[in-house]
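Student: What follows is protein-v5.pdb, made up of PDB, C-alpha atoms, pLDDT in the B column:
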```pdb
MODEL        1
ATOM      1  CA  GLU A  38     222.974 -88.313  40.875  1.00 64.00           C
ATOM      2  CA  ALA A  39     222.184 -87.963  44.575  1.00 82.00           C
ATOM      3  CA  GLY A  40     223.948 -85.197  46.452  1.00 93.00           C
ATOM      4  CA  VAL A  41     225.678 -85.205  49.803  1.00 96.00           C
ATOM      5  CA  ALA A  42     223.291 -86.344  52.532  1.00 97.00           C
ATOM      6  CA  GLN A  43     223.489 -85.233  56.158  1.00 97.00           C
ATOM      7  CA  SER A  44     221.465 -85.964  59.247  1.00 97.00           C
ATOM      8  CA  PRO A  45     220.019 -84.752  61.442  1.00 97.00           C
ATOM      9  CA  ARG A  46     219.194 -81.335  59.971  1.00 96.00           C
ATOM     10  CA  TYR A  47     218.755 -79.732  63.368  1.00 97.00           C
ATOM     11  CA  LYS A  48     219.896 -80.608  66.870  1.00 98.00           C
ATOM     12  CA  ILE A  49     219.481 -78.817  70.178  1.00 98.00           C
ATOM     13  CA  ILE A  50     221.459 -80.042  73.182  1.00 98.00           C
ATOM     14  CA  GLU A  51     222.605 -78.725  76.522  1.00 98.00           C
ATOM     15  CA  LYS A  52     226.230 -77.938  77.207  1.00 97.00           C
ATOM     16  CA  ARG A  53     228.296 -80.892  78.316  1.00 97.00           C
ATOM     17  CA  GLN A  54     226.066 -83.296  76.396  1.00 98.00           C
ATOM     18  CA  SER A  55     227.257 -85.351  73.426  1.00 98.00           C
ATOM     19  CA  VAL A  56     226.097 -85.208  69.831  1.00 98.00           C
ATOM     20  CA  ALA A  57     226.869 -87.003  66.585  1.00 98.00           C
ATOM     21  CA  PHE A  58     226.362 -86.006  62.978  1.00 98.00           C
ATOM     22  CA  TRP A  59     226.257 -88.301  59.985  1.00 98.00           C
ATOM     23  CA  CYS A  60     227.303 -87.707  56.372  1.00 98.00           C
ATOM     24  CA  ASN A  61     226.931 -89.786  53.224  1.00 97.00           C
ATOM     25  CA  PRO A  62     228.996 -88.343  50.349  1.00 96.00           C
ATOM     26  CA  ILE A  63     228.270 -88.486  46.652  1.00 94.00           C
ATOM     27  CA  SER A  64     228.741 -92.029  45.409  1.00 93.00           C
ATOM     28  CA  GLY A  65     232.313 -92.700  44.360  1.00 90.00           C
ATOM     29  CA  HIS A  66     233.781 -89.591  45.953  1.00 92.00           C
ATOM     30  CA  ALA A  67     237.008 -90.508  47.687  1.00 90.00           C
ATOM     31  CA  THR A  68     237.519 -87.279  49.610  1.00 91.00           C
ATOM     32  CA  LEU A  69     235.238 -86.119  52.411  1.00 94.00           C
ATOM     33  CA  TYR A  70     235.404 -82.896  54.404  1.00 95.00           C
ATOM     34  CA  TRP A  71     233.755 -81.599  57.548  1.00 97.00           C
ATOM     35  CA  TYR A  72     233.402 -77.833  57.971  1.00 97.00           C
ATOM     36  CA  GLN A  73     232.132 -75.703  60.826  1.00 97.00           C
ATOM     37  CA  GLN A  74     230.206 -72.570  59.910  1.00 96.00           C
ATOM     38  CA  ILE A  75     229.556 -70.155  62.767  1.00 96.00           C
ATOM     39  CA  LEU A  76     226.792 -67.611  62.191  1.00 93.00           C
ATOM     40  CA  GLY A  77     228.022 -64.707  60.083  1.00 91.00           C
ATOM     41  CA  GLN A  78     231.235 -66.437  59.021  1.00 92.00           C
ATOM     42  CA  GLY A  79     232.436 -68.579  56.177  1.00 94.00           C
ATOM     43  CA  PRO A  80     232.908 -72.321  56.685  1.00 95.00           C
ATOM     44  CA  LYS A  81     236.152 -73.467  58.303  1.00 95.00           C
ATOM     45  CA  LEU A  82     237.653 -76.866  57.632  1.00 94.00           C
ATOM     46  CA  LEU A  83     237.701 -79.247  60.580  1.00 97.00           C
ATOM     47  CA  ILE A  84     238.918 -82.471  59.004  1.00 96.00           C
ATOM     48  CA  GLN A  85     239.609 -84.013  55.603  1.00 93.00           C
ATOM     49  CA  PHE A  86     239.454 -87.724  54.777  1.00 93.00           C
ATOM     50  CA  GLN A  87     240.755 -89.491  51.727  1.00 89.00           C
ATOM     51  CA  ASN A  88     239.012 -92.850  51.534  1.00 88.00           C
ATOM     52  CA  ASN A  89     239.152 -94.012  55.164  1.00 86.00           C
ATOM     53  CA  GLY A  90     242.331 -92.167  56.128  1.00 91.00           C
ATOM     54  CA  VAL A  91     242.721 -88.723  57.694  1.00 93.00           C
ATOM     55  CA  VAL A  92     244.554 -86.248  55.445  1.00 90.00           C
ATOM     56  CA  ASP A  93     244.315 -83.189  57.674  1.00 91.00           C
ATOM     57  CA  ASP A  94     242.807 -82.748  61.127  1.00 94.00           C
ATOM     58  CA  SER A  95     244.966 -79.831  62.238  1.00 93.00           C
ATOM     59  CA  GLN A  96     241.934 -77.601  62.886  1.00 93.00           C
ATOM     60  CA  LEU A  97     239.896 -80.218  64.763  1.00 96.00           C
ATOM     61  CA  PRO A  98     239.638 -79.559  68.538  1.00 95.00           C
ATOM     62  CA  LYS A  99     240.657 -83.074  69.427  1.00 95.00           C
ATOM     63  CA  ASP A 100     239.900 -82.759  73.114  1.00 96.00           C
ATOM     64  CA  ARG A 101     236.194 -82.777  72.300  1.00 97.00           C
ATOM     65  CA  PHE A 102     235.725 -83.475  68.596  1.00 98.00           C
ATOM     66  CA  SER A 103     236.259 -86.777  66.838  1.00 98.00           C
ATOM     67  CA  ALA A 104     235.470 -88.038  63.372  1.00 97.00           C
ATOM     68  CA  GLU A 105     235.677 -91.328  61.553  1.00 96.00           C
ATOM     69  CA  ARG A 106     235.127 -92.771  58.124  1.00 95.00           C
ATOM     70  CA  LEU A 107     235.617 -96.440  58.781  1.00 83.00           C
ATOM     71  CA  LYS A 108     234.676 -97.957  55.424  1.00 88.00           C
ATOM     72  CA  GLY A 109     235.686 -95.033  53.263  1.00 86.00           C
ATOM     73  CA  VAL A 110     232.093 -94.007  52.557  1.00 93.00           C
ATOM     74  CA  ASP A 111     229.906 -92.620  55.369  1.00 96.00           C
ATOM     75  CA  SER A 112     231.393 -90.430  58.059  1.00 97.00           C
ATOM     76  CA  THR A 113     230.430 -89.472  61.593  1.00 98.00           C
ATOM     77  CA  LEU A 114     231.485 -86.338  63.463  1.00 98.00           C
ATOM     78  CA  LYS A 115     231.076 -86.369  67.236  1.00 98.00           C
ATOM     79  CA  ILE A 116     231.301 -83.676  69.900  1.00 98.00           C
ATOM     80  CA  GLN A 117     231.774 -84.744  73.508  1.00 97.00           C
ATOM     81  CA  PRO A 118     231.221 -82.731  75.643  1.00 97.00           C
ATOM     82  CA  ALA A 119     229.632 -79.823  73.794  1.00 97.00           C
ATOM     83  CA  LYS A 120     230.296 -76.190  74.671  1.00 97.00           C
ATOM     84  CA  LEU A 121     228.196 -73.120  73.958  1.00 98.00           C
ATOM     85  CA  GLU A 122     230.708 -71.990  71.325  1.00 97.00           C
ATOM     86  CA  ASP A 123     230.090 -75.177  69.336  1.00 98.00           C
ATOM     87  CA  SER A 124     226.753 -73.750  68.187  1.00 98.00           C
ATOM     88  CA  ALA A 125     227.136 -73.659  64.420  1.00 97.00           C
ATOM     89  CA  VAL A 126     226.181 -75.358  61.184  1.00 97.00           C
ATOM     90  CA  TYR A 127     228.266 -78.432  60.454  1.00 98.00           C
ATOM     91  CA  LEU A 128     228.700 -78.972  56.759  1.00 97.00           C
ATOM     92  CA  CYS A 129     229.910 -82.087  55.026  1.00 97.00           C
ATOM     93  CA  ALA A 130     231.397 -81.925  51.529  1.00 95.00           C
ATOM     94  CA  SER A 131     232.864 -84.432  49.110  1.00 94.00           C
ATOM     95  CA  SER A 132     234.994 -84.405  45.996  1.00 92.00           C
ATOM     96  CA  SER A 133     236.050 -87.013  43.486  1.00 87.00           C
ATOM     97  CA  GLY A 134     239.516 -88.376  42.834  1.00 64.00           C
ATOM     98  CA  ASP A 135     242.274 -89.155  45.242  1.00 57.00           C
ATOM     99  CA  GLY A 136     242.144 -85.841  47.003  1.00 50.00           C
ATOM    100  CA  THR A 137     242.648 -83.947  43.794  1.00 56.00           C
ATOM    101  CA  GLY A 138     239.025 -83.139  43.006  1.00 63.00           C
ATOM    102  CA  VAL A 139     238.637 -79.499  42.105  1.00 80.00           C
ATOM    103  CA  GLU A 140     234.914 -79.350  42.800  1.00 89.00           C
ATOM    104  CA  GLN A 141     233.644 -79.797  46.330  1.00 91.00           C
ATOM    105  CA  TYR A 142     229.941 -80.469  46.775  1.00 93.00           C
ATOM    106  CA  PHE A 143     228.245 -79.637  50.035  1.00 95.00           C
ATOM    107  CA  GLY A 144     225.393 -81.211  51.922  1.00 96.00           C
ATOM    108  CA  PRO A 145     222.581 -79.193  53.530  1.00 95.00           C
ATOM    109  CA  GLY A 146     224.318 -79.107  56.911  1.00 96.00           C
ATOM    110  CA  THR A 147     223.335 -79.853  60.491  1.00 97.00           C
ATOM    111  CA  ARG A 148     222.435 -76.824  62.581  1.00 97.00           C
ATOM    112  CA  LEU A 149     223.575 -77.388  66.172  1.00 98.00           C
ATOM    113  CA  THR A 150     222.359 -75.234  69.033  1.00 98.00           C
ATOM    114  CA  VAL A 151     224.037 -75.703  72.404  1.00 98.00           C
ATOM    115  CA  THR A 152     222.136 -74.172  75.341  1.00 97.00           C
TER     116      THR A 152
ATOM    117  CA  GLY B  14     240.161 -63.108  60.937  1.00 38.00           C
ATOM    118  CA  GLU B  15     239.471 -64.217  57.384  1.00 49.00           C
ATOM    119  CA  ASP B  16     242.320 -64.442  54.868  1.00 80.00           C
ATOM    120  CA  VAL B  17     239.800 -63.922  52.087  1.00 91.00           C
ATOM    121  CA  GLU B  18     237.983 -60.595  52.338  1.00 93.00           C
ATOM    122  CA  GLN B  19     234.588 -59.651  50.977  1.00 94.00           C
ATOM    123  CA  SER B  20     232.229 -56.749  51.466  1.00 90.00           C
ATOM    124  CA  LEU B  21     229.370 -57.792  53.717  1.00 92.00           C
ATOM    125  CA  PHE B  22     226.307 -56.498  51.889  1.00 96.00           C
ATOM    126  CA  LEU B  23     225.123 -55.662  48.384  1.00 97.00           C
ATOM    127  CA  SER B  24     221.697 -54.370  47.375  1.00 97.00           C
ATOM    128  CA  VAL B  25     220.708 -54.472  43.719  1.00 97.00           C
ATOM    129  CA  ARG B  26     217.603 -53.740  41.709  1.00 97.00           C
ATOM    130  CA  GLU B  27     215.954 -56.624  39.861  1.00 97.00           C
ATOM    131  CA  GLY B  28     217.174 -56.744  36.264  1.00 97.00           C
ATOM    132  CA  ASP B  29     220.410 -54.869  36.986  1.00 97.00           C
ATOM    133  CA  SER B  30     223.861 -56.466  37.114  1.00 97.00           C
ATOM    134  CA  SER B  31     225.409 -57.398  40.455  1.00 96.00           C
ATOM    135  CA  VAL B  32     229.132 -57.299  41.066  1.00 97.00           C
ATOM    136  CA  ILE B  33     230.535 -59.039  44.131  1.00 97.00           C
ATOM    137  CA  ASN B  34     234.176 -58.429  44.964  1.00 97.00           C
ATOM    138  CA  CYS B  35     236.716 -60.487  46.833  1.00 96.00           C
ATOM    139  CA  THR B  36     240.361 -60.050  47.794  1.00 95.00           C
ATOM    140  CA  TYR B  37     242.455 -63.095  48.536  1.00 90.00           C
ATOM    141  CA  THR B  38     245.854 -63.257  50.145  1.00 82.00           C
ATOM    142  CA  ASP B  39     247.856 -66.135  48.750  1.00 79.00           C
ATOM    143  CA  SER B  40     249.476 -65.621  45.377  1.00 75.00           C
ATOM    144  CA  SER B  41     249.959 -69.395  45.220  1.00 78.00           C
ATOM    145  CA  SER B  42     246.228 -70.040  45.093  1.00 77.00           C
ATOM    146  CA  THR B  43     245.475 -72.556  42.382  1.00 83.00           C
ATOM    147  CA  TYR B  44     241.703 -72.255  42.090  1.00 90.00           C
ATOM    148  CA  LEU B  45     239.262 -69.551  43.140  1.00 92.00           C
ATOM    149  CA  TYR B  46     235.606 -70.291  43.709  1.00 94.00           C
ATOM    150  CA  TRP B  47     232.216 -68.717  44.134  1.00 97.00           C
ATOM    151  CA  TYR B  48     229.626 -70.510  46.233  1.00 97.00           C
ATOM    152  CA  LYS B  49     226.011 -69.493  46.896  1.00 97.00           C
ATOM    153  CA  GLN B  50     224.166 -70.182  50.141  1.00 96.00           C
ATOM    154  CA  GLU B  51     220.424 -69.709  50.471  1.00 94.00           C
ATOM    155  CA  PRO B  52     218.767 -69.571  53.917  1.00 88.00           C
ATOM    156  CA  GLY B  53     218.869 -72.912  55.695  1.00 83.00           C
ATOM    157  CA  ALA B  54     220.741 -74.593  52.869  1.00 86.00           C
ATOM    158  CA  GLY B  55     224.234 -75.825  52.207  1.00 89.00           C
ATOM    159  CA  LEU B  56     226.675 -74.250  49.790  1.00 94.00           C
ATOM    160  CA  GLN B  57     226.045 -74.508  46.064  1.00 95.00           C
ATOM    161  CA  LEU B  58     229.074 -74.375  43.790  1.00 94.00           C
ATOM    162  CA  LEU B  59     228.412 -71.641  41.224  1.00 96.00           C
ATOM    163  CA  THR B  60     231.663 -71.460  39.330  1.00 95.00           C
ATOM    164  CA  TYR B  61     235.407 -71.516  39.723  1.00 93.00           C
ATOM    165  CA  ILE B  62     238.436 -70.288  37.833  1.00 93.00           C
ATOM    166  CA  PHE B  63     241.940 -71.636  37.505  1.00 90.00           C
ATOM    167  CA  SER B  64     244.578 -69.159  38.584  1.00 86.00           C
ATOM    168  CA  ASN B  65     246.148 -68.875  35.134  1.00 87.00           C
ATOM    169  CA  MET B  66     242.911 -67.549  33.657  1.00 90.00           C
ATOM    170  CA  ASP B  67     241.694 -63.955  33.592  1.00 93.00           C
ATOM    171  CA  MET B  68     238.031 -64.495  32.915  1.00 95.00           C
ATOM    172  CA  LYS B  69     235.399 -67.198  32.820  1.00 95.00           C
ATOM    173  CA  GLN B  70     231.835 -66.856  31.632  1.00 96.00           C
ATOM    174  CA  ASP B  71     228.997 -69.250  32.384  1.00 93.00           C
ATOM    175  CA  GLN B  72     225.525 -68.112  31.305  1.00 95.00           C
ATOM    176  CA  ARG B  73     224.662 -65.109  33.523  1.00 97.00           C
ATOM    177  CA  LEU B  74     227.855 -65.409  35.560  1.00 97.00           C
ATOM    178  CA  THR B  75     231.171 -63.778  34.708  1.00 97.00           C
ATOM    179  CA  VAL B  76     234.244 -64.248  36.866  1.00 97.00           C
ATOM    180  CA  LEU B  77     237.167 -61.842  36.558  1.00 97.00           C
ATOM    181  CA  LEU B  78     240.544 -62.545  38.130  1.00 95.00           C
ATOM    182  CA  ASN B  79     243.288 -59.955  38.628  1.00 93.00           C
ATOM    183  CA  LYS B  80     246.275 -61.899  39.947  1.00 90.00           C
ATOM    184  CA  LYS B  81     248.456 -58.839  40.348  1.00 90.00           C
ATOM    185  CA  ASP B  82     245.990 -57.285  42.800  1.00 91.00           C
ATOM    186  CA  LYS B  83     244.726 -60.669  44.133  1.00 91.00           C
ATOM    187  CA  HIS B  84     241.223 -59.536  43.261  1.00 94.00           C
ATOM    188  CA  LEU B  85     238.350 -61.739  42.200  1.00 95.00           C
ATOM    189  CA  SER B  86     234.890 -60.605  41.164  1.00 97.00           C
ATOM    190  CA  LEU B  87     231.599 -62.244  40.258  1.00 98.00           C
ATOM    191  CA  ARG B  88     229.200 -60.458  37.966  1.00 98.00           C
ATOM    192  CA  ILE B  89     225.603 -61.654  37.770  1.00 97.00           C
ATOM    193  CA  ALA B  90     223.770 -60.312  34.741  1.00 98.00           C
ATOM    194  CA  ASP B  91     220.022 -59.604  34.851  1.00 97.00           C
ATOM    195  CA  THR B  92     219.794 -60.214  38.595  1.00 97.00           C
ATOM    196  CA  GLN B  93     216.623 -61.972  39.689  1.00 97.00           C
ATOM    197  CA  THR B  94     214.915 -62.341  43.084  1.00 95.00           C
ATOM    198  CA  GLY B  95     216.137 -65.933  43.191  1.00 95.00           C
ATOM    199  CA  ASP B  96     219.690 -64.589  43.259  1.00 97.00           C
ATOM    200  CA  SER B  97     219.142 -63.219  46.770  1.00 97.00           C
ATOM    201  CA  ALA B  98     221.551 -65.219  48.938  1.00 97.00           C
ATOM    202  CA  ILE B  99     224.963 -65.137  50.588  1.00 97.00           C
ATOM    203  CA  TYR B 100     227.859 -65.487  48.157  1.00 98.00           C
ATOM    204  CA  PHE B 101     231.167 -66.870  49.353  1.00 97.00           C
ATOM    205  CA  CYS B 102     234.504 -66.434  47.699  1.00 95.00           C
ATOM    206  CA  ALA B 103     237.026 -69.204  48.404  1.00 94.00           C
ATOM    207  CA  GLU B 104     240.566 -70.117  47.440  1.00 91.00           C
ATOM    208  CA  THR B 105     242.575 -73.300  47.452  1.00 87.00           C
ATOM    209  CA  LEU B 106     246.257 -73.989  47.304  1.00 76.00           C
ATOM    210  CA  PHE B 107     247.793 -77.151  45.924  1.00 70.00           C
ATOM    211  CA  ASP B 108     246.035 -79.232  48.583  1.00 72.00           C
ATOM    212  CA  TYR B 109     242.498 -78.294  47.436  1.00 76.00           C
ATOM    213  CA  LYS B 110     241.426 -77.249  50.936  1.00 83.00           C
ATOM    214  CA  LEU B 111     238.944 -74.423  50.686  1.00 89.00           C
ATOM    215  CA  SER B 112     239.551 -71.188  52.580  1.00 91.00           C
ATOM    216  CA  PHE B 113     236.419 -69.028  52.599  1.00 94.00           C
ATOM    217  CA  GLY B 114     235.619 -65.379  53.023  1.00 94.00           C
ATOM    218  CA  ALA B 115     232.870 -64.261  55.406  1.00 95.00           C
ATOM    219  CA  GLY B 116     230.327 -63.964  52.605  1.00 96.00           C
ATOM    220  CA  THR B 117     228.469 -61.140  50.871  1.00 97.00           C
ATOM    221  CA  THR B 118     224.720 -60.938  51.456  1.00 97.00           C
ATOM    222  CA  VAL B 119     223.023 -59.953  48.213  1.00 97.00           C
ATOM    223  CA  THR B 120     219.525 -58.533  48.412  1.00 97.00           C
ATOM    224  CA  VAL B 121     217.552 -58.098  45.212  1.00 97.00           C
ATOM    225  CA  ARG B 122     214.830 -55.465  45.396  1.00 95.00           C
ATOM    226  CA  ALA B 123     211.936 -55.105  42.996  1.00 90.00           C
TER     227      ALA B 123
ENDMDL
END
```
What's the structure tokens form of this structure?
Tutor:
Amino acid sequence: EAGVAQSPRYKIIEKRQSVAFWCNPISGHATLYWYQQILGQGPKLLIQFQNNGVVDDSQLPKDRFSAERLKGVDSTLKIQPAKLEDSAVYLCASSSGDGTGVEQYFGPGTRLTVT
Amino acid sequence: GEDVEQSLFLSVREGDSSVINCTYTDSSSTYLYWYKQEPGAGLQLLTYIFSNMDMKQDQRLTVLLNKKDKHLSLRIADTQTGDSAIYFCAETLFDYKLSFGAGTTVTVRA
């Protein structure tokens, strides 16, 4: 079974530029999560989708971050405009079931550097 | 700051047992997890325990849960160089959203 796929793996941009990350969850997984992991910290949840609907985006900085999962499969996370403090690894995870999956599986992450 | 607390570093000799400790804050936590992160990689789910259990064993891994003290530990038997990584403790409530600690960096020395 293929795992969670993410691209790109690395991205370097200047502040005030825009960037987008892509995630393809494990096949059949209804729930998809985006986490931000700043160096030296544990991941923090940004947004949770169940199928194509948002379950929780309370921690998403909505003035600059947006995310979508239009067909209930792939998801895109966008930052516009980026700030220096957005430098982090962005992790995508998925779980099975209607938001009740106990096991979350993570992709390899996208390492973003904002200069 | 983190709601889940972990010590930052652990150094262990190859072949010895490693014990990584974690303190969580919410007595309503339903599941408690251990994830492993190697350099440049995502998080690998190692094991998890339901909150009504005291212990879970899975090959070289043993998880102990003390609900009274909100203390979780992960014991790795016969630690190998491939066990060098950052280990994250995490908890979820009823909504299955993971709340992570800052991670414990385990270094295995020969």
Student: Would you be able to write out as a CSV table (one decimal) with C-alpha atoms, in the frame of the given file which residues have an atom within 12 Å of (224.1, -84.9, 68.2) in the file's coordinates, counting only C-alpha atoms?
Tutor:
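result16.csv was written with the following content:
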```
chain,number,residue,atom,x,y,z
A,44,SER,CA,221.5,-86.0,59.2
A,45,PRO,CA,220.0,-84.8,61.4
A,46,ARG,CA,219.2,-81.3,60.0
A,47,TYR,CA,218.8,-79.7,63.4
A,48,LYS,CA,219.9,-80.6,66.9
A,49,ILE,CA,219.5,-78.8,70.2
A,50,ILE,CA,221.5,-80.0,73.2
A,51,GLU,CA,222.6,-78.7,76.5
A,52,LYS,CA,226.2,-77.9,77.2
A,53,ARG,CA,228.3,-80.9,78.3
A,54,GLN,CA,226.1,-83.3,76.4
A,55,SER,CA,227.3,-85.4,73.4
A,56,VAL,CA,226.1,-85.2,69.8
A,57,ALA,CA,226.9,-87.0,66.6
A,58,PHE,CA,226.4,-86.0,63.0
A,59,TRP,CA,226.3,-88.3,60.0
A,102,PHE,CA,235.7,-83.5,68.6
A,113,THR,CA,230.4,-89.5,61.6
A,114,LEU,CA,231.5,-86.3,63.5
A,115,LYS,CA,231.1,-86.4,67.2
A,116,ILE,CA,231.3,-83.7,69.9
A,117,GLN,CA,231.8,-84.7,73.5
A,118,PRO,CA,231.2,-82.7,75.6
A,119,ALA,CA,229.6,-79.8,73.8
A,123,ASP,CA,230.1,-75.2,69.3
A,124,SER,CA,226.8,-73.8,68.2
A,127,TYR,CA,228.3,-78.4,60.5
A,147,THR,CA,223.3,-79.9,60.5
A,148,ARG,CA,222.4,-76.8,62.6
A,149,LEU,CA,223.6,-77.4,66.2
A,150,THR,CA,222.4,-75.2,69.0
A,151,VAL,CA,224.0,-75.7,72.4
```
Student: I need the contact residues of chain B against chain A, so if you could list those with any atom within 8 Å, counting only C-alpha atoms, and return them as a PyMOL selection string, that would help.
Tutor: chain B and resi 44+53-58+101+108-116
Student: Could you please determine the separation between atom CA of Arg106 of chain A and atom CA of Tyr46 of chain B in Å, to one decimal place?
Tutor: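 According to the coordinates, atom CA of Arg106 of chain A and atom CA of Tyr46 of chain B are separated by 26.7 Å.
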Student: So that I can check the surroundings of Val121 of chain B, please list as a PyMOL selection string every protein, DNA and RNA residue that reaches within 8 Å of it, counting only C-alpha atoms and ignoring chain neighbours fewer than 6 positions away.
Tutor: chain B and resi 24-27+92-94+96-97
Student: Okay, now the selection with C-alpha atoms, as a tab-separated table (two decimals), in the coordinates of the input?
Tutor:
```
chain	number	residue	atom	x	y	z
B	24	SER	CA	221.70	-54.37	47.38
B	25	VAL	CA	220.71	-54.47	43.72
B	26	ARG	CA	217.60	-53.74	41.71
B	27	GLU	CA	215.95	-56.62	39.86
B	92	THR	CA	219.79	-60.21	38.60
B	93	GLN	CA	216.62	-61.97	39.69
B	94	THR	CA	214.92	-62.34	43.08
B	96	ASP	CA	219.69	-64.59	43.26
B	97	SER	CA	219.14	-63.22	46.77
```
Student: Excluding segment 38-42 of chain B and any residue of its chain fewer than 6 positions from it, enumerate the residues within 9 Å of it, using only C-alpha atoms, and give them as a PyMOL selection string.
Tutor: chain B and resi 16-18+63-64+80-81+83+104-107
Student: Expand the PyMOL selection byres ((chain B and resi 59) around 6) into the explicit residue set it covers here, and present it as JSON, numbers by chain.
Tutor: {"B": [47, 48, 58, 60]}
Student: What's around Ala98 of chain B at 8 Å? Count all atoms listed in the file, leave out sequence neighbours fewer than 4 positions away in its own chain, and write the answer as a list in words.
Tutor: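 My reading of the contact set: Lys49, Gln50, Glu51, Pro52, Thr118, Val119 and Thr120 of chain B.
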Student: May I have the selected residues written with C-alpha atoms, as a PDB file, keeping the file's coordinate frame?
Tutor:
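Listed below is the output, result_23.pdb:
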```pdb
ATOM      1  CA  LYS B  49     226.011 -69.493  46.896  1.00 97.00           C
ATOM      2  CA  GLN B  50     224.166 -70.182  50.141  1.00 96.00           C
ATOM      3  CA  GLU B  51     220.424 -69.709  50.471  1.00 94.00           C
ATOM      4  CA  PRO B  52     218.767 -69.571  53.917  1.00 88.00           C
ATOM      5  CA  THR B 118     224.720 -60.938  51.456  1.00 97.00           C
ATOM      6  CA  VAL B 119     223.023 -59.953  48.213  1.00 97.00           C
ATOM      7  CA  THR B 120     219.525 -58.533  48.412  1.00 97.00           C
TER       8      THR B 120
END
```
